[in-house]
Amino acid sequence: MQDLVTFSFQPKTLEEALKFAEMVAKSDLVPKDYKGTPGNVLIAIQWGAEIGLKPLQSLQNIAVINGRPSMWGDSVLALVRGSGLLEDFREDFHEPSMTATCTAKRKDQPTPITRTFSLAEGQKAGLTNRETPWKYYPKRMIQMRARAFTLRDGFADVLKGISVAEEQQDVIDVTASP
């Protein structure tokens, strides 16, 4: 029983990582972006390792959205909380104006970082008139946008440039055709 407690999926060599990726890609317990694609599994694990996630945490929390690795807003907050740099965190929602406010205070900074986002801003950006989560969960999407701005602006060193999934979902590919 003791061996199971200390066992961990932490490949130590490229060969182990490739074997692990092959095994995981065959599993029914992984998100669809990783099913049958050991290359995606390997890249997600590496992305996760670079920001402090274990392999299975990486596969659960890193999503490929519009071709970019992104993390869900709740996992971004977990990563920031786990960094030890977050002193205080608060999210508020003002119902009449449909505005979310997120404030985070870093331990090593004198002033908190506060960002807001409103339904009006989402409408102006054209986010609410498509078949997306914005249409069905506008409060959650507004909250996630305020959170993403706050955490990316205040904890870029922790997030190392990874996109926030709820934001990345709104990106429209405007690659020009030849």
# chains A, B, ... in the order shown; residues from 1 in each chain; ligands from 1
>>> select_by_dssp(residues="stretch 29-173 of chain A", states="helix (DSSP H, G or I)", output="number ranges by chain")
A: 38-50, 55-61, 73-82, 119-124, 133-136, 138-154, 156-159, 165-168
>>> residues_around(residues="A:Tyr137", least_positions_apart="4", cutoff="12 Å", atoms="only C-alpha atoms", output="count of residues only")
11
>>> residues_around(residues="A:Thr114", least_positions_apart="3", cutoff="7 Å", atoms="only C-alpha atoms", output="list of chain:residue names")
A:Thr101, A:Cys102, A:Thr103, A:Ala104, A:Thr150
>>> atom_distance(atom1="atom CA of A:Val41", atom2="atom CA of A:Ala21")
5.5 Å
>>> residues_around(residues="A:Lys160", least_positions_apart="6", cutoff="9 Å", atoms="only C-alpha atoms", output="list of chain:residue names")
A:Glu50, A:Ile51, A:Arg152
